[in-house]
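Enquirer: Below is the file query-v4.cif, which contains mmCIF, C-alpha atoms.
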```
data_data
loop_
_atom_site.group_PDB
_atom_site.id
_atom_site.type_symbol
_atom_site.label_atom_id
_atom_site.label_comp_id
_atom_site.auth_asym_id
_atom_site.auth_seq_id
_atom_site.Cartn_x
_atom_site.Cartn_y
_atom_site.Cartn_z
ATOM 1 C CA MET A 1470 0.000 0.000 0.000
ATOM 2 C CA GLU A 1471 0.975 3.638 -0.374
ATOM 3 C CA ILE A 1472 1.780 5.858 2.607
ATOM 4 C CA ALA A 1473 -1.555 7.666 2.326
ATOM 5 C CA GLU A 1474 -3.398 4.344 2.589
ATOM 6 C CA TYR A 1475 -1.484 3.368 5.716
ATOM 7 C CA ILE A 1476 -2.232 6.749 7.274
ATOM 8 C CA GLY A 1477 -5.904 6.258 6.418
ATOM 9 C CA PHE A 1478 -5.842 3.037 8.435
ATOM 10 C CA VAL A 1479 -4.038 4.795 11.295
ATOM 11 C CA LYS A 1480 -7.032 7.140 11.423
ATOM 12 C CA SER A 1481 -9.807 4.588 10.985
ATOM 13 C CA GLU A 1482 -8.309 1.898 13.220
ATOM 14 C CA GLY A 1483 -7.611 4.543 15.865
ATOM 15 C CA ASP A 1484 -11.250 5.624 15.772
ATOM 16 C CA LYS A 1485 -12.415 2.014 16.149
ATOM 17 C CA PHE A 1486 -9.996 1.392 19.008
ATOM 18 C CA ALA A 1487 -11.115 4.491 20.900
ATOM 19 C CA ALA A 1488 -14.789 3.675 20.343
ATOM 20 C CA ALA A 1489 -14.297 0.218 21.870
ATOM 21 C CA ALA A 1490 -12.181 1.496 24.754
ATOM 22 C CA GLU A 1491 -14.799 4.008 25.870
ATOM 23 C CA GLN A 1492 -17.676 1.502 25.969
ATOM 24 C CA GLY A 1493 -17.124 0.308 29.515
ATOM 25 C CA ALA A 1494 -14.878 0.157 32.542
ATOM 26 C CA LEU A 1495 -11.142 0.587 32.087
ATOM 27 C CA ASP A 1496 -10.298 -2.279 34.431
ATOM 28 C CA VAL A 1497 -11.597 -4.966 32.054
ATOM 29 C CA ALA A 1498 -8.874 -7.547 31.324
ATOM 30 C CA ILE A 1499 -7.206 -7.756 27.905
ATOM 31 C CA SER A 1500 -6.772 -11.429 27.065
ATOM 32 C CA GLY A 1501 -4.197 -10.860 24.315
ATOM 33 C CA CYS A 1502 -1.886 -8.865 26.604
ATOM 34 C CA ASP A 1503 -1.112 -10.838 29.746
ATOM 35 C CA GLY A 1504 -1.743 -8.876 32.925
ATOM 36 C CA TRP A 1505 -3.074 -5.765 31.180
ATOM 37 C CA ASP A 1506 -6.432 -4.089 31.507
ATOM 38 C CA MET A 1507 -8.039 -1.558 29.166
ATOM 39 C CA ARG A 1508 -6.417 1.339 30.990
ATOM 40 C CA GLN A 1509 -2.945 -0.056 30.368
ATOM 41 C CA LEU A 1510 -3.796 -0.837 26.746
ATOM 42 C CA VAL A 1511 -4.983 2.715 26.039
ATOM 43 C CA ARG A 1512 -1.937 4.158 27.765
ATOM 44 C CA HIS A 1513 0.356 1.838 25.833
ATOM 45 C CA LEU A 1514 -1.084 2.717 22.437
ATOM 46 C CA GLY A 1515 -1.061 6.447 23.132
ATOM 47 C CA LEU A 1516 2.561 6.219 24.286
ATOM 48 C CA ILE A 1517 3.462 4.274 21.152
ATOM 49 C CA HIS A 1518 1.878 6.993 19.006
ATOM 50 C CA LEU A 1519 3.912 9.702 20.723
ATOM 51 C CA TRP A 1520 7.060 7.601 20.401
ATOM 52 C CA ALA A 1521 6.506 6.934 16.699
ATOM 53 C CA ALA A 1522 5.588 10.549 15.953
ATOM 54 C CA GLY A 1523 8.714 11.653 17.815
ATOM 55 C CA HIS A 1524 10.947 9.564 15.585
ATOM 56 C CA VAL A 1525 9.473 11.151 12.469
ATOM 57 C CA ALA A 1526 9.202 14.732 13.746
ATOM 58 C CA PHE A 1527 12.560 14.799 15.566
ATOM 59 C CA PRO A 1528 14.883 12.592 13.479
ATOM 60 C CA SER A 1529 17.548 10.602 15.297
ATOM 61 C CA ASP A 1530 19.911 7.753 14.466
ATOM 62 C CA ASP A 1531 18.648 5.459 17.214
ATOM 63 C CA TRP A 1532 15.715 4.525 19.456
ATOM 64 C CA PHE A 1533 14.087 7.098 21.684
ATOM 65 C CA ASP A 1534 13.652 5.909 25.259
ATOM 66 C CA ALA A 1535 9.981 5.461 26.071
ATOM 67 C CA ASP A 1536 9.750 3.471 29.292
ATOM 68 C CA ASP A 1537 7.023 5.749 30.667
ATOM 69 C CA ILE A 1538 5.050 8.790 29.624
ATOM 70 C CA PRO A 1539 7.455 11.465 31.031
ATOM 71 C CA ASP A 1540 10.023 10.286 28.456
ATOM 72 C CA MET A 1541 7.824 11.892 25.804
ATOM 73 C CA ALA A 1542 7.510 15.289 27.503
ATOM 74 C CA ARG A 1543 10.544 16.722 25.712
ATOM 75 C CA TYR A 1544 8.922 15.993 22.341
ATOM 76 C CA TRP A 1545 5.237 16.510 23.108
ATOM 77 C CA PRO A 1546 4.939 18.584 26.319
ATOM 78 C CA GLU A 1547 1.145 18.899 26.176
ATOM 79 C CA LEU A 1548 0.529 15.185 25.641
ATOM 80 C CA GLY A 1549 3.568 13.501 27.164
ATOM 81 C CA SER A 1550 4.150 15.075 30.556
ATOM 82 C CA SER A 1551 1.882 12.799 32.636
ATOM 83 C CA TRP A 1552 -0.853 10.208 32.323
ATOM 84 C CA PRO A 1553 -4.342 11.715 32.144
ATOM 85 C CA ASP A 1554 -7.078 10.824 34.607
ATOM 86 C CA ASP A 1555 -9.316 7.922 33.664
ATOM 87 C CA ALA A 1556 -12.130 10.276 32.661
ATOM 88 C CA ASP A 1557 -9.857 11.904 30.087
ATOM 89 C CA LEU A 1558 -7.858 8.870 28.991
ATOM 90 C CA VAL A 1559 -9.657 7.978 25.752
ATOM 91 C CA SER A 1560 -9.861 11.642 24.768
ATOM 92 C CA TRP A 1561 -6.094 11.852 25.342
ATOM 93 C CA TYR A 1562 -5.610 8.774 23.175
ATOM 94 C CA ARG A 1563 -7.572 10.403 20.353
ATOM 95 C CA GLN A 1564 -5.265 13.413 20.589
ATOM 96 C CA THR A 1565 -2.160 11.227 20.356
ATOM 97 C CA ASN A 1566 -3.628 9.572 17.282
ATOM 98 C CA ARG A 1567 -4.399 12.911 15.622
ATOM 99 C CA ASN A 1568 -0.882 14.117 16.466
ATOM 100 C CA LEU A 1569 0.598 11.015 14.854
ATOM 101 C CA VAL A 1570 -1.514 11.447 11.716
ATOM 102 C CA ARG A 1571 -0.505 15.106 11.446
ATOM 103 C CA VAL A 1572 3.190 14.228 11.728
ATOM 104 C CA LEU A 1573 2.977 11.432 9.161
ATOM 105 C CA GLU A 1574 0.974 13.515 6.702
ATOM 106 C CA SER A 1575 3.324 16.482 6.978
ATOM 107 C CA ALA A 1576 6.555 14.515 6.464
ATOM 108 C CA PRO A 1577 8.119 15.648 3.167
ATOM 109 C CA ASP A 1578 9.092 13.342 0.325
ATOM 110 C CA GLY A 1579 12.482 11.795 1.022
ATOM 111 C CA HIS A 1580 12.253 12.446 4.755
ATOM 112 C CA GLU A 1581 14.997 10.590 6.618
ATOM 113 C CA CYS A 1582 14.645 9.299 10.173
ATOM 114 C CA PHE A 1583 15.348 6.181 12.193
ATOM 115 C CA SER A 1584 13.428 3.028 11.248
ATOM 116 C CA PHE A 1585 13.794 -0.635 12.138
ATOM 117 C CA LEU A 1586 11.812 -2.737 9.651
ATOM 118 C CA PRO A 1587 12.225 -3.093 5.875
ATOM 119 C CA ALA A 1588 10.147 -0.594 3.888
ATOM 120 C CA PRO A 1589 10.598 1.676 0.844
ATOM 121 C CA THR A 1590 11.048 4.734 3.100
ATOM 122 C CA PRO A 1591 11.212 5.407 6.850
ATOM 123 C CA VAL A 1592 7.846 7.199 6.784
ATOM 124 C CA THR A 1593 6.331 4.184 5.019
ATOM 125 C CA MET A 1594 7.652 1.960 7.790
ATOM 126 C CA TRP A 1595 6.282 4.121 10.589
ATOM 127 C CA SER A 1596 2.886 4.495 8.884
ATOM 128 C CA ARG A 1597 2.619 0.760 8.279
ATOM 129 C CA ARG A 1598 3.879 -0.160 11.739
ATOM 130 C CA GLN A 1599 1.409 2.139 13.473
ATOM 131 C CA ALA A 1600 -1.483 0.912 11.329
ATOM 132 C CA SER A 1601 -0.786 -2.667 12.376
ATOM 133 C CA GLU A 1602 -0.118 -1.744 16.008
ATOM 134 C CA ILE A 1603 -3.505 -0.068 16.231
ATOM 135 C CA ALA A 1604 -5.292 -2.828 14.322
ATOM 136 C CA ILE A 1605 -4.156 -5.661 16.595
ATOM 137 C CA HIS A 1606 -4.978 -3.621 19.691
ATOM 138 C CA ARG A 1607 -8.322 -2.605 18.188
ATOM 139 C CA PHE A 1608 -8.998 -6.341 18.095
ATOM 140 C CA ASP A 1609 -7.870 -6.624 21.738
ATOM 141 C CA ALA A 1610 -10.146 -3.778 22.825
ATOM 142 C CA LYS A 1611 -13.192 -5.027 20.939
ATOM 143 C CA ASN A 1612 -12.589 -8.589 22.106
ATOM 144 C CA ALA A 1613 -12.539 -7.376 25.716
ATOM 145 C CA ARG A 1614 -15.923 -5.739 25.092
ATOM 146 C CA GLY A 1615 -17.359 -8.848 23.430
ATOM 147 C CA ILE A 1616 -17.473 -7.169 20.007
ATOM 148 C CA ALA A 1617 -16.487 -9.083 16.867
ATOM 149 C CA SER A 1618 -13.695 -7.712 14.671
ATOM 150 C CA GLN A 1619 -13.162 -7.858 10.930
ATOM 151 C CA PHE A 1620 -10.164 -6.969 8.777
ATOM 152 C CA GLU A 1621 -10.197 -6.153 5.073
ATOM 153 C CA PRO A 1622 -8.314 -8.903 3.185
ATOM 154 C CA ALA A 1623 -5.806 -6.549 1.520
ATOM 155 C CA PHE A 1624 -5.063 -4.784 4.801
ATOM 156 C CA ALA A 1625 -4.750 -8.055 6.727
ATOM 157 C CA THR A 1626 -2.372 -9.400 4.057
ATOM 158 C CA ASP A 1627 -0.123 -6.354 4.294
ATOM 159 C CA MET A 1628 -0.081 -6.468 8.086
ATOM 160 C CA LEU A 1629 0.603 -10.211 8.010
ATOM 161 C CA ASP A 1630 3.533 -9.602 5.668
ATOM 162 C CA GLU A 1631 4.958 -7.047 8.097
ATOM 163 C CA LEU A 1632 4.896 -9.692 10.824
ATOM 164 C CA LEU A 1633 6.308 -12.549 8.759
ATOM 165 C CA SER A 1634 8.810 -10.680 6.588
ATOM 166 C CA GLY A 1635 9.679 -7.860 8.987
ATOM 167 C CA PHE A 1636 9.355 -8.858 12.619
ATOM 168 C CA ALA A 1637 9.998 -12.608 12.408
ATOM 169 C CA PRO A 1638 13.579 -12.348 11.052
ATOM 170 C CA ARG A 1639 14.452 -9.893 13.854
ATOM 171 C CA GLN A 1640 13.691 -12.337 16.662
ATOM 172 C CA ARG A 1641 16.712 -13.221 18.779
ATOM 173 C CA SER A 1642 15.433 -16.353 20.515
ATOM 174 C CA LYS A 1643 16.755 -19.733 19.364
ATOM 175 C CA PRO A 1644 14.145 -22.462 19.901
ATOM 176 C CA LEU A 1645 16.124 -25.040 17.878
ATOM 177 C CA ASP A 1646 19.643 -26.432 18.043
ATOM 178 C CA SER A 1647 22.117 -24.999 15.564
ATOM 179 C CA ASP A 1648 21.930 -28.102 13.363
ATOM 180 C CA SER A 1649 18.098 -28.290 13.343
ATOM 181 C CA GLU A 1650 15.730 -26.653 10.887
ATOM 182 C CA LYS A 1651 11.970 -26.524 10.325
ATOM 183 C CA THR A 1652 10.006 -24.886 7.520
ATOM 184 C CA LEU A 1653 6.612 -23.256 8.038
ATOM 185 C CA ARG A 1654 4.423 -22.465 5.029
ATOM 186 C CA VAL A 1655 1.754 -19.799 5.542
ATOM 187 C CA HIS A 1656 -0.966 -19.557 2.891
ATOM 188 C CA ALA A 1657 -3.588 -16.798 2.903
ATOM 189 C CA ASN A 1658 -6.166 -18.540 0.757
ATOM 190 C CA ASP A 1659 -8.515 -15.593 0.205
ATOM 191 C CA VAL A 1660 -5.763 -13.573 -1.496
ATOM 192 C CA ASP A 1661 -3.561 -16.499 -2.653
ATOM 193 C CA GLN A 1662 -0.422 -15.213 -0.936
ATOM 194 C CA HIS A 1663 2.340 -17.432 0.507
ATOM 195 C CA TRP A 1664 5.209 -17.085 2.960
ATOM 196 C CA TYR A 1665 7.860 -19.696 3.744
ATOM 197 C CA LEU A 1666 9.600 -19.357 7.106
ATOM 198 C CA THR A 1667 12.704 -21.348 7.985
ATOM 199 C CA ILE A 1668 13.103 -21.662 11.754
ATOM 200 C CA CYS A 1669 16.550 -22.785 12.867
ATOM 201 C CA GLY A 1670 19.186 -22.271 15.528
ATOM 202 C CA ASP A 1671 20.215 -18.967 13.951
ATOM 203 C CA GLY A 1672 16.677 -17.545 13.985
ATOM 204 C CA ILE A 1673 14.043 -17.146 11.278
ATOM 205 C CA THR A 1674 14.316 -16.344 7.592
ATOM 206 C CA THR A 1675 11.317 -15.586 5.387
ATOM 207 C CA VAL A 1676 10.869 -15.857 1.624
ATOM 208 C CA ARG A 1677 7.747 -15.587 -0.536
ATOM 209 C CA ASP A 1678 8.382 -18.666 -2.719
ATOM 210 C CA GLY A 1679 9.188 -22.203 -1.691
ATOM 211 C CA GLY A 1680 8.327 -25.859 -1.925
ATOM 212 C CA ASP A 1681 7.801 -28.528 0.697
ATOM 213 C CA ALA A 1682 7.289 -27.526 4.319
ATOM 214 C CA ASP A 1683 7.219 -29.324 7.657
ATOM 215 C CA LEU A 1684 3.964 -27.540 8.494
ATOM 216 C CA SER A 1685 1.485 -25.769 6.238
ATOM 217 C CA VAL A 1686 -0.949 -23.288 7.807
ATOM 218 C CA GLU A 1687 -3.838 -22.127 5.629
ATOM 219 C CA ALA A 1688 -6.684 -19.712 6.314
ATOM 220 C CA SER A 1689 -7.882 -16.252 5.367
ATOM 221 C CA ALA A 1690 -5.356 -13.451 5.756
ATOM 222 C CA ALA A 1691 -7.347 -12.064 8.692
ATOM 223 C CA ASP A 1692 -7.437 -15.387 10.542
ATOM 224 C CA LEU A 1693 -3.709 -15.901 9.953
ATOM 225 C CA TYR A 1694 -3.002 -12.376 11.174
ATOM 226 C CA LEU A 1695 -4.730 -13.128 14.473
ATOM 227 C CA LEU A 1696 -3.272 -16.627 14.843
ATOM 228 C CA LEU A 1697 0.314 -15.543 14.248
ATOM 229 C CA TRP A 1698 -0.027 -12.535 16.545
ATOM 230 C CA ASN A 1699 -1.113 -15.136 19.154
ATOM 231 C CA ARG A 1700 -4.659 -13.776 19.355
ATOM 232 C CA SER A 1701 -6.447 -17.003 18.348
ATOM 233 C CA ASP A 1702 -5.835 -20.738 18.325
ATOM 234 C CA GLU A 1703 -5.438 -23.239 15.505
ATOM 235 C CA SER A 1704 -9.181 -23.961 15.361
ATOM 236 C CA THR A 1705 -9.472 -21.038 12.901
ATOM 237 C CA VAL A 1706 -6.968 -22.490 10.382
ATOM 238 C CA THR A 1707 -6.167 -25.652 8.442
ATOM 239 C CA LEU A 1708 -2.960 -27.407 9.475
ATOM 240 C CA GLN A 1709 -1.041 -30.030 7.544
ATOM 241 C CA GLY A 1710 2.168 -31.500 8.949
ATOM 242 C CA ASP A 1711 4.035 -31.166 12.221
ATOM 243 C CA THR A 1712 1.765 -29.062 14.419
ATOM 244 C CA ASN A 1713 4.504 -28.712 17.045
ATOM 245 C CA ILE A 1714 6.016 -26.056 14.803
ATOM 246 C CA LEU A 1715 3.271 -23.668 15.895
ATOM 247 C CA GLU A 1716 4.696 -23.879 19.395
ATOM 248 C CA LEU A 1717 8.140 -23.108 17.955
ATOM 249 C CA TRP A 1718 6.587 -20.007 16.406
ATOM 250 C CA ARG A 1719 5.043 -18.950 19.710
ATOM 251 C CA GLN A 1720 8.389 -19.405 21.456
ATOM 252 C CA SER A 1721 10.483 -17.615 18.861
ATOM 253 C CA CYS A 1722 8.259 -14.813 17.654
ATOM 254 C CA ARG A 1723 6.649 -12.870 20.468
ATOM 255 C CA VAL A 1724 6.818 -9.105 20.082
ATOM 256 C CA ARG A 1725 6.836 -7.334 23.436
ATOM 257 C CA TRP A 1726 7.164 -3.636 24.196
ATOM 258 C CA SER A 1727 10.200 -2.695 26.291
ATOM 259 C CA GLY A 1728 10.622 1.025 25.850
ATOM 260 C CA GLY A 1729 11.322 0.717 22.146
ATOM 261 C CA GLU A 1730 13.618 -2.323 22.168
#
```
Do you think you could lay out the structure here as structure tokens?
Expert:
Amino acid sequence: MEIAEYIGFVKSEGDKFAAAAEQGALDVAISGCDGWDMRQLVRHLGLIHLWAAGHVAFPSDDWFDADDIPDMARYWPELGSSWPDDADLVSWYRQTNRNLVRVLESAPDGHECFSFLPAPTPVTMWSRRQASEIAIHRFDAKNARGIASQFEPAFATDMLDELLSGFAPRQRSKPLDSDSEKTLRVHANDVDQHWYLTICGDGITTVRDGGDADLSVEASAADLYLLLWNRSDESTVTLQGDTNILELWRQSCRVRWSGGE
């Protein structure tokens, strides 16, 4: 997708997330984020928006620290100095989302800043990354409220590709011995897209073409997106081969926030 399309999803997914968050108590548990409630989820996503917008608006060669909200005060003093009260929390989140959209939309062609996943430009990466970050947490928020979620096939495919081709090869854990190797084939059958992941002692590599695999996972792009972000179980997909490889995936590819690392 183009940058403008990603930014459109940053807006629309942010609206859906906020609408779900404000439909009940903030202490409701978030099943996809162990130990978190809605309050922590809203805070997390707002902090992420300020962090991402900071990287684009104030270019640097490395990560910004973002362990807690005061770390953002130097970049966004009105939004990042302290956590808002519960009554104002969702409104604050909406402001962080609008700030992010403004920064992304105003970035000039050829803008250079720090990025950490493959993409045509840094602004493309940040727009795509934030779109997916909001989308998976929109699912978390709606799921906590008992509201079903849907994802457009093209959007789900793009976000799935970010996970499989971008995040997966960055994982540092080594679930297999150095001389062991397993291949996972992921097939999004509604858009006829494939990914082949080799999991070995050195980590994960991903290519778009391949042959035989130890495990083939097939479903719609949306169902695969949720499964591989560990938001659903294998009952939503078709498996063929060594199903233990799904556990290897869960061990080796878990993305957790740690102040930007």
Enquirer: One number please: atom CA of Arg1700 of chain A to atom CA of Gly1670 of chain A, in Å, one decimal.
Expert: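 Here the two named atoms are 25.6 Å from each other.
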Enquirer: Evaluated on this file, the PyMOL selection byres ((chain A and resi 1570) around 12) picks out some residues - which ones are they, written as number ranges by chain?
Expert: A: 1472-1483, 1518-1519, 1521-1523, 1525-1526, 1563-1569, 1571-1576, 1592, 1595-1597, 1599-1600
Enquirer: Report, in Å to a single decimal, how far apart atom CA of Trp1505 of chain A and atom CA of Asp1536 of chain A are.
Expert: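 These two atoms are separated by 15.9 Å.
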Enquirer: Measuring between only C-alpha atoms, which one of A:Asp1627, A:Asp1506, A:Glu1491, A:Asp1609 shows the shortest distance to Ala1690 of chain A?
Expert: A:Asp1627
Enquirer: List the spatial neighbours of Leu1495 of chain A as a list in words - criterion: any atom at most 7 Å away, only C-alpha atoms, same-chain residues fewer than 2 positions off excluded.
Expert: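 Counting only the stated atoms, we get Gly1493, Val1497, Asp1506, Met1507 and Arg1508 of chain A.
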Enquirer: Would you place a box with edges along x, y and z of the file around all atoms of segment 1563-1579 of chain A listed there, add 6 Å to each of its six sides, and report the centre and edge lengths in Å to one decimal, as JSON?
Expert:
```
{"center_x": 2.5, "center_y": 13.0, "center_z": 10.5, "size_x": 32.1, "size_y": 18.9, "size_z": 32.3}
```
Enquirer: For Asp1555 of chain A, which residue out of A:Pro1539, A:Cys1582, A:Val1511, A:Val1706 is the nearest one, using only C-alpha atoms?
Expert: A:Val1511
